[in-house]
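Colleague: The structure is given below, and queries will be raised subsequently.
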Amino acid sequence: MIEELKVLLLVAIRNLALHKVKTLVVGGILLVGSFLVVFGLSLLGSIENTMSQSIIGSVAGHLQVYSSNARDELALFGSGFFGRDDLGEIEKFEDVKAELLNHPNVADVVPLGFENAFLGRGNLLDDLFERFRATVKAGAESDTLAMVETIKTNLKTVRADLENELKISSIPEDIKKQIADVEEALSENFWSKLPTDPESVLLFLESKIAPLSGEKEPLYLRYMGTNPEQFTQVFRKFKIVSGENIPPGERGILLSQRIYETQIKNIVARGFDNLRKGTVEQRKKISDDVALRTIASDLPKQYLETLVYLNGEQRKEVSSSLKEFLKTDENDIEALMKNFLTVDDSNFSMRYDFFYKIIASKIRLYPFKVGDTINLRSYTRSGFLKTVPLKIYGTYQFSGLESSDLAGVFNFVDMVSYRELYGRMSSEGQKELEELRKEVDLKPVEGASLEDALFGSETALETRSADSTSQDSSSTATRVLEFKRLQTGSYNPKDLNTGMVINASILLKNPRLLATTRAELEQRLSAANMQLKVVDWKQASGTLGQLVTVIRAVLLIAVGIILIVAMAIINNAIMMTTLERTREIGTLRAIGAQRNFILRMFFVETLTIAVLATFLGSLLAGILVAFLGVRGIASPSDFVSFLFGGPRLYPSLSPTVALAAPCVVALLALIFTLYPAFMASRIAPAAAMQDRE
Amino acid sequence: MSVVLKGVIKDYPLGASMVRALRGIDLTISEGEFTTIAGPSGCGKSTLLNLIGCMDVATSGTVSIEGKVTNALSDKEQTTLRLNTLGFIFQSFNLVPVLSVYQNVELPLLLQGGLSAGERSKRISELLEQVGLTNKAKNRSHELSGGQRQRVAIARALVTQPKIVLADEPTANLDSETGKNIIELMRTLNSKQKTTFIFSSHDPKVIEHARRIVRLQDGRVIEDVRK
Ligand SMILES: Nc1ncnc2c1ncn2[C@@H]1O[C@H](COP(=O)(O)OP(=O)(O)OP(=O)(O)O)[C@@H](O)[C@H]1O
Ligand SMILES: [Mg+2]
């Protein structure tokens with residue numbers, strides 16, 4: 001037996017050497033095949049690993065629990081569109097948490113709830129008039145005069161817009177009246193009243209003119225309610241960038257550093273940032289790249305976003321610096337600024353430096369900063385617009401995922417404020433409401449929730465809780481209900497972990513037991529009569545989590561097709577040599593070799609080349625992966641950074657894949673040797689007599 | 001009796017019709033005989049040897065080898081018979097090109113199994129000495145002359161100590177001098193080991209070495225003489 005194997009091996013090796021072309025084709029295909037499989041699967045495995053860390057380590061945890069009454073599936077990273085999902089509610093988080101913690105593999109449970117809010121950004125004129133009022137009050141004449149110029153420039157733009165609108169409007173009377181107001185505000189007569197009767201000037205501007213400029217597009221924010229302190233402890237990737245975490249018992253918001261930089265920052269500065277990223281980091285040319293060209297061509301149109309922030313002194317400074325920088329005789333600051341913002345590949349980097357050195361320090365780069373309070377507005381579940389003022393405690397990012405829009409999609413708020421925006425009251429809130437109800441002397445309400453009764457039955461469109469910082473009192477169409485808090489802005493920290501939440505992240509002690517733990521938890525919950533479902537991080541992350549599964553399927557199908565084609569070629573190559581070897585095989589049969597022996601001969605031959613080639617392929621893939629594991633693969637985009645868990649992917653080889661893949665490929669090769677080998681074993685002994693040496 | 005043929009007819013399909021290669025052969029060959037099948041081209045020599053060599057089956061009639069009727073044997077049984085009882089020498093030598101002289105001769109022993117490496121080595125060395133190729137044991141077949149190759153083939157045919165050695169035109173690819181030597185070698189081995197030799201040839205110079213000449217024509221035995 002062993003002797004026979006020896007001779008088979010010898011024949012195999014000699015034959016492989018004899019039929020070099022066939023050997024090279026078959027060996028090459030097997031080598032490339034196993035290389036691709038090992039390399040592809042290793043890369044994918046690594047991505048799955050980093051991506052799971054990104055997802056698990058940022059918000060998802062290992063498992064997510066939410067109501068089984070949910071109409072939509074939980075999709076932490078979005079289900080593909082910016083809509084509002086119905087995920088049901090977890091009524092008593094404390095009970096669910098206790099039940100889950102009974103399981104020996106559960107390390108922690110973090111309450112969550114996410115929602116979309118918007119942030120009114122006010123309008124440009126509101127902003128301007130607010131500062132004008134302050135300037136007038138301060139009394140410096142030169143500043144006031146400079147500001148009047150700015151206001152007039154803005155008014156001209158408003159007039160131009162209105163005149164355009166007039167052409168297409170269905171209510172020309174209203175617009176004509178508005179134009180008349182603007183004309184009034186532009187007249188010398190109007191401004192001559194300023195020294196004597198500043199209040200009438202200011203009021204006219206604030207009440208008649210300001211509404212004409214229209215709201216700036218509101219900023220949409222995705223926010224996540226949680227227990228901030230617990231969240232930081234559990235999700236280690238979470239890092240405060242500026243400011244501090246929301247302290248327990250305080251209302252507040254942590255803004256995503258990414259959103260702060262890419263959506264909240266002054267639009268002109270953002271334009272400069274994006275162009276710099278494109279030209280310096282990605283080495284693209286403004287003239288070649290459509291996206292960059294669009295940013296560049298928009299920039300001069302946004303010149304007002306810089307000028308409105310300058311006072312008289314600053315206007316003079318900026319205009320003389322610009323004159324010098326641009327080497328022109330132009331005196332008009334608007335023309336200068338437009339000229340300056342017209343950037344191209346040759347002048348961009350100088351202008352970028354100039355912008356940040358000279359202009360940025362004088363304008364308001366961010367509309368709000370850490371420490372400010374913003375009004376977060378969101379629709380409650382019952383459909384009412386609710387505003388909650390929240391102090392910005394800081395900005396955060398997930399380490400390694402700084403440049404990822406996906407990881408930075410959430411802004412965190414304390415769970416209590418979340419519930420309020422959602423339309424649920426804390427225990428104290430309930431009490432306040434109760435008192436308020438007594439104050440306004442409403443009849444006791446039966447059945448429906450208090451809040452719905454309060455706000456739903458009336459014409460109230462907007463409810464406002466807390467008070468301190470809001471100043472806008474202009475809106476008359478909105479009936480505002482205000483009520484005082486017992487302790488303004490604060491609450492009992494215990495409330496974070498009790499009451500309603502939407503979903504919760506479950507962190508496991510041993511993530512390897514994820515699947516079984518998930519099933520066990522679901523069982524426990526249903527045994528405890530809680531209508532909840534538990535899903536793993538992959539499912540919970542929405543389309544994103546399935547991405548790797550999809551990529552893997554595509555890869556396997558692609559590799560499958562390549563392998564089938566490769567195997568067909570191998571099959572063919574073996575058939576060809578079989579034909580060439582008919583006489584040799586006939587001879588072997590004639591001198592007493594059984595059919596089995598011929599079969600074995602072919603298998604040993606294929607096996608020899610397959611083992612050599614596939615393990616070499618696997619080895620080469622291993623070396624490449626090891627090399628990339630040290631050097632890293634640069635992420636081509638922000639989205640991929642999220643998958644990579646950082647700016648570079650450091651892939652690692654899976655030993656199972658490195659060993660199993662060549663075995664599978666070799667096995668396939670053997671399977672595809674079956675038919676030619678069978679054909680060869682059918683060759684008649686008389687073929688030995690064929691005339692051909 | 002070594003080989004007994006009774007009323008053997010062999011038809012080959014040729015297109016839609018049949019070619020009758022053998023038209024009723026009755027032939028008995030005893031143990032140790034040194035027999036030539038002679039006759040012009042196309043008379044059926046190869047066909048006859050193939051039937052005796054269990055490489056083909058008669059259309060009718062019976063072929064018995066060492067008392068065993070081969071017609072009804074399975075492929076596996078026929079192969080076993082070829083391996084253990086028969087030895088083959090081919091016109092074109094048919095050595096396995098990738099193997100050395102020694103390995104070529106060893107091959108049937110490996111197919112048989114059973115002998116230790118030492119026993120095999122002893123037997124192969126003896127045979128190589130008898131065919132005069134002791135110093136070529138390690139060479140590959142393409143390094144040998146035609147005569148040398150045929151001697152390797154003879155050694156290979158004899159290594160399993162078969163009862164019957166069949167050779168279809170063993171000298172056709174050799175010059176007449178070498179051919180003569182090969183036939184003499186076969187004759188020597190035949191007389192030493194009592195192995196039955198049956199070979200075909202249409203070369204008169206070769207035929208004259210035979211002890212018994214069976215002459216065929218058109219698929220029939222027309223002459224059977226013993227010297
Ligand atoms: N496989 C085959 N198929 C069809 N006809 C065949 C086949 N083998 C032999 N024949 C025919 O059978 C007859 C006998 O052929 P065979 O090869 O036995 O003659 P031979 O005496 O060996 O001739 P040669 O001296 O040329 O080798 C011939 O007519 C030949 O054409
Ligand atoms: Mg012939």
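Letters A, B, ... mark the chains of the structure tokens in the order given; residue numbers begin at 1 per chain; ligand numbers begin at 1, in order shown.
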Could you pull out the residues sitting within 12 Å of ligand 2, using only C-alpha atoms and all ligand atoms, and write them as a ChimeraX atom specification?

Modeller: /A:686,689-691 /B:21,37-50,90-92,167-170,172,199-202,216

Colleague: What would the file look like if the residues just selected were written as a short mmCIF file (atom, residue, chain, number, x, y, z; two decimals), in the first residue's frame with N, CA, C and O atoms?

Modeller:
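The result, stored in part06.cif:
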data_model
loop_
_atom_site.label_atom_id
_atom_site.label_comp_id
_atom_site.auth_asym_id
_atom_site.auth_seq_id
_atom_site.Cartn_x
_atom_site.Cartn_y
_atom_site.Cartn_z
N ALA A 686 -6.03 -2.46 -24.47
CA ALA A 686 -5.56 -2.53 -25.85
C ALA A 686 -5.01 -1.20 -26.35
O ALA A 686 -4.28 -1.16 -27.33
N MET A 689 -1.48 -0.65 -27.39
CA MET A 689 -0.94 -1.00 -28.69
C MET A 689 -1.06 0.12 -29.72
O MET A 689 -0.65 -0.05 -30.85
N GLN A 690 -1.65 1.24 -29.31
CA GLN A 690 -1.76 2.36 -30.25
C GLN A 690 -0.38 2.76 -30.73
O GLN A 690 0.55 2.83 -29.95
N ASP A 691 -0.30 3.07 -32.01
CA ASP A 691 1.00 3.42 -32.56
C ASP A 691 1.31 4.88 -32.29
O ASP A 691 0.86 5.76 -33.00
N ALA B 21 -12.15 -10.63 -38.09
CA ALA B 21 -10.69 -10.70 -38.01
C ALA B 21 -10.23 -12.14 -37.81
O ALA B 21 -9.20 -12.55 -38.33
N ILE B 37 3.37 -16.61 -33.93
CA ILE B 37 2.20 -16.47 -34.77
C ILE B 37 2.68 -15.69 -35.99
O ILE B 37 3.13 -14.55 -35.85
N ALA B 38 2.64 -16.30 -37.13
CA ALA B 38 3.16 -15.64 -38.32
C ALA B 38 2.05 -15.40 -39.32
O ALA B 38 0.96 -15.97 -39.21
N GLY B 39 2.34 -14.55 -40.29
CA GLY B 39 1.33 -14.28 -41.31
C GLY B 39 1.43 -12.86 -41.82
O GLY B 39 2.04 -12.02 -41.16
N PRO B 40 0.82 -12.61 -42.98
CA PRO B 40 0.92 -11.27 -43.56
C PRO B 40 0.14 -10.24 -42.74
O PRO B 40 -0.67 -10.61 -41.88
N SER B 41 0.38 -9.03 -43.09
CA SER B 41 -0.30 -7.93 -42.38
C SER B 41 -1.80 -8.05 -42.52
O SER B 41 -2.31 -8.34 -43.60
N GLY B 42 -2.50 -7.88 -41.41
CA GLY B 42 -3.96 -7.93 -41.47
C GLY B 42 -4.54 -9.32 -41.34
O GLY B 42 -5.75 -9.50 -41.40
N CYS B 43 -3.69 -10.33 -41.13
CA CYS B 43 -4.20 -11.69 -41.06
C CYS B 43 -4.84 -12.01 -39.73
O CYS B 43 -5.54 -13.02 -39.58
N GLY B 44 -4.57 -11.17 -38.70
CA GLY B 44 -5.24 -11.41 -37.42
C GLY B 44 -4.31 -11.76 -36.28
O GLY B 44 -4.76 -12.20 -35.22
N LYS B 45 -3.01 -11.55 -36.46
CA LYS B 45 -2.03 -11.91 -35.42
C LYS B 45 -2.29 -11.14 -34.11
O LYS B 45 -2.39 -11.74 -33.03
N SER B 46 -2.39 -9.81 -34.26
CA SER B 46 -2.60 -8.98 -33.05
C SER B 46 -3.91 -9.33 -32.38
O SER B 46 -3.99 -9.42 -31.14
N THR B 47 -4.92 -9.55 -33.21
CA THR B 47 -6.22 -9.89 -32.65
C THR B 47 -6.14 -11.15 -31.80
O THR B 47 -6.65 -11.19 -30.67
N LEU B 48 -5.44 -12.13 -32.33
CA LEU B 48 -5.29 -13.40 -31.61
C LEU B 48 -4.56 -13.21 -30.29
O LEU B 48 -5.00 -13.68 -29.23
N LEU B 49 -3.45 -12.46 -30.35
CA LEU B 49 -2.67 -12.24 -29.12
C LEU B 49 -3.48 -11.45 -28.09
O LEU B 49 -3.40 -11.72 -26.89
N ASN B 50 -4.26 -10.48 -28.55
CA ASN B 50 -5.10 -9.71 -27.61
C ASN B 50 -6.11 -10.60 -26.90
O ASN B 50 -6.40 -10.40 -25.73
N PHE B 90 5.69 -5.23 -25.80
CA PHE B 90 4.99 -4.51 -26.87
C PHE B 90 5.95 -4.14 -28.00
O PHE B 90 7.17 -4.01 -27.80
N GLN B 91 5.33 -3.91 -29.14
CA GLN B 91 6.12 -3.51 -30.30
C GLN B 91 6.87 -2.20 -30.03
O GLN B 91 8.02 -2.05 -30.38
N SER B 92 6.19 -1.25 -29.36
CA SER B 92 6.83 0.05 -29.10
C SER B 92 7.34 0.15 -27.67
O SER B 92 7.43 1.24 -27.11
N ALA B 167 4.02 -11.43 -26.84
CA ALA B 167 4.76 -10.33 -27.45
C ALA B 167 4.26 -10.12 -28.87
O ALA B 167 4.38 -11.00 -29.71
N ASP B 168 3.65 -8.95 -29.10
CA ASP B 168 3.13 -8.65 -30.44
C ASP B 168 4.20 -7.89 -31.21
O ASP B 168 4.50 -6.74 -30.88
N GLU B 169 4.76 -8.54 -32.19
CA GLU B 169 5.82 -7.95 -33.01
C GLU B 169 6.89 -7.26 -32.17
O GLU B 169 7.12 -6.06 -32.32
N PRO B 170 7.55 -7.98 -31.30
CA PRO B 170 8.52 -7.34 -30.40
C PRO B 170 9.73 -6.79 -31.12
O PRO B 170 10.45 -5.96 -30.58
N ALA B 172 9.61 -5.47 -34.38
CA ALA B 172 9.25 -4.66 -35.55
C ALA B 172 9.90 -3.29 -35.55
O ALA B 172 10.17 -2.72 -36.59
N PHE B 199 4.81 -15.12 -29.50
CA PHE B 199 5.02 -13.81 -30.11
C PHE B 199 4.66 -13.84 -31.58
O PHE B 199 4.68 -14.88 -32.22
N SER B 200 4.28 -12.69 -32.06
CA SER B 200 3.90 -12.61 -33.47
C SER B 200 5.01 -11.93 -34.25
O SER B 200 5.77 -11.13 -33.68
N SER B 201 5.08 -12.24 -35.50
CA SER B 201 6.06 -11.57 -36.36
C SER B 201 5.73 -11.90 -37.80
O SER B 201 5.10 -12.91 -38.09
N HIS B 202 6.10 -11.00 -38.68
CA HIS B 202 6.01 -11.38 -40.09
C HIS B 202 7.40 -11.35 -40.73
O HIS B 202 7.55 -11.41 -41.93
N LEU B 216 -1.08 -17.81 -39.94
CA LEU B 216 -2.46 -17.38 -40.13
C LEU B 216 -2.61 -16.76 -41.51
O LEU B 216 -1.68 -16.20 -42.07
#

Colleague: Could you work out which residues of chain A fall inside 12 Å of chain B? Count only C-alpha atoms, and format the result as a PyMOL selection string.

Modeller: chain A and resi 1-19+581-598+681-693

Colleague: Taking 3 positions as the minimum chain separation for residues in the same chain, which residues sit within 8 Å of segment 175-179 of chain B when counting only C-alpha atoms? Answer as a ChimeraX atom specification.

Modeller: /B:147,170-172,182-183,205-206

Colleague: Using only C-alpha atoms, which residues sit within 10 Å of Arg236 of chain A once same-chain residues fewer than 5 positions away are excluded, as a ChimeraX atom specification?

Modeller: /A:57-58,231,398-399

Colleague: Got time to write the residues from that selection, all heavy atoms, as a JSON list (two decimals), in the first residue's frame?

Modeller:
[["chain", "number", "residue", "atom", "x", "y", "z"],
["A", 57, "GLY", "N", -19.02, 49.15, 20.22],
["A", 57, "GLY", "CA", -18.32, 50.07, 21.12],
["A", 57, "GLY", "C", -18.87, 51.48, 21.11],
["A", 57, "GLY", "O", -18.52, 52.29, 21.96],
["A", 58, "SER", "N", -19.69, 51.84, 20.13],
["A", 58, "SER", "CA", -20.19, 53.21, 20.15],
["A", 58, "SER", "C", -21.56, 53.32, 20.81],
["A", 58, "SER", "O", -21.70, 54.03, 21.78],
["A", 58, "SER", "CB", -20.17, 53.84, 18.76],
["A", 58, "SER", "OG", -20.86, 53.07, 17.82],
["A", 231, "PHE", "N", -23.16, 55.66, 30.43],
["A", 231, "PHE", "CA", -22.79, 55.50, 29.03],
["A", 231, "PHE", "C", -21.28, 55.62, 28.84],
["A", 231, "PHE", "O", -20.64, 54.81, 28.18],
["A", 231, "PHE", "CB", -23.52, 56.55, 28.17],
["A", 231, "PHE", "CG", -23.41, 56.30, 26.70],
["A", 231, "PHE", "CD1", -24.37, 55.55, 26.03],
["A", 231, "PHE", "CD2", -22.34, 56.78, 25.97],
["A", 231, "PHE", "CE1", -24.27, 55.31, 24.67],
["A", 231, "PHE", "CE2", -22.23, 56.53, 24.62],
["A", 231, "PHE", "CZ", -23.19, 55.80, 23.97],
["A", 398, "PHE", "N", -16.07, 59.43, 19.22],
["A", 398, "PHE", "CA", -15.67, 58.06, 19.52],
["A", 398, "PHE", "C", -14.25, 57.89, 19.01],
["A", 398, "PHE", "O", -13.99, 58.15, 17.84],
["A", 398, "PHE", "CB", -16.61, 57.06, 18.84],
["A", 398, "PHE", "CG", -17.97, 57.03, 19.45],
["A", 398, "PHE", "CD1", -19.07, 57.51, 18.77],
["A", 398, "PHE", "CD2", -18.15, 56.52, 20.73],
["A", 398, "PHE", "CE1", -20.33, 57.49, 19.34],
["A", 398, "PHE", "CE2", -19.41, 56.49, 21.30],
["A", 398, "PHE", "CZ", -20.50, 56.98, 20.61],
["A", 399, "SER", "N", -13.36, 57.48, 19.90],
["A", 399, "SER", "CA", -11.96, 57.42, 19.46],
["A", 399, "SER", "C", -11.81, 56.40, 18.34],
["A", 399, "SER", "O", -12.39, 55.32, 18.36],
["A", 399, "SER", "CB", -11.02, 57.11, 20.61],
["A", 399, "SER", "OG", -11.61, 56.25, 21.52]]

Colleague: Using only C-alpha atoms, which residues sit within 12 Å of Leu76 of chain A once same-chain residues fewer than 2 positions away are excluded, as a VMD selection string?

Modeller: chain A and resid 55 to 56 58 to 61 63 to 66 72 to 74 78 to 82 84 to 85 87 112 to 115 222 to 224 406 to 407 409 to 410 502 to 505 535 to 545

Colleague: Closest to ligand 1 among B:Val159, B:Val105, B:Val221, B:Leu185, using only C-alpha atoms and all ligand atoms?

Modeller: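 Of B:Val159, B:Val105, B:Val221, B:Leu185, the one nearest ligand 1, counting only C-alpha atoms and all ligand atoms, is B:Val221.
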
Colleague: From the options B:Pro162, B:Gly7, B:Pro13, B:Gly67, which residue's atoms come nearest to ligand 1, counting only C-alpha atoms and all ligand atoms?

Modeller: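 Under the stated criterion, the closest residue is B:Pro13.
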
Colleague: Go through B:Leu22, B:Ile207, B:Ile29, B:Ile65 and flag the residue nearest ligand 1, using only C-alpha atoms and all ligand atoms for the distances.

Modeller: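 Of B:Leu22, B:Ile207, B:Ile29, B:Ile65, the one nearest ligand 1, counting only C-alpha atoms and all ligand atoms, is B:Leu22.
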
Colleague: Nearest residue to Asn227 of chain A out of A:Ser242, A:Thr498, A:Thr395, A:Ser349, using only C-alpha atoms?

Modeller: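 The closest residue to Asn227 of chain A is A:Thr498.
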
Colleague: Would you list, as a ChimeraX atom specification, the residues of segment 19-182 of chain B that end up in helix (DSSP H, G or I) under DSSP run on this structure's backbone?

Modeller: /B:45-52,75-84,101-112,117-130,134-136,141-143,146-158,176-182

Colleague: Taking 4 positions as the minimum chain separation for residues in the same chain, which residues sit within 9 Å of Ile209 of chain A when counting only C-alpha atoms? Answer as a list in words.

Modeller: Leu125, Leu155, Gln178, Asp181, Val182, Ala185, Phe204, Leu205 and Ser213 of chain A
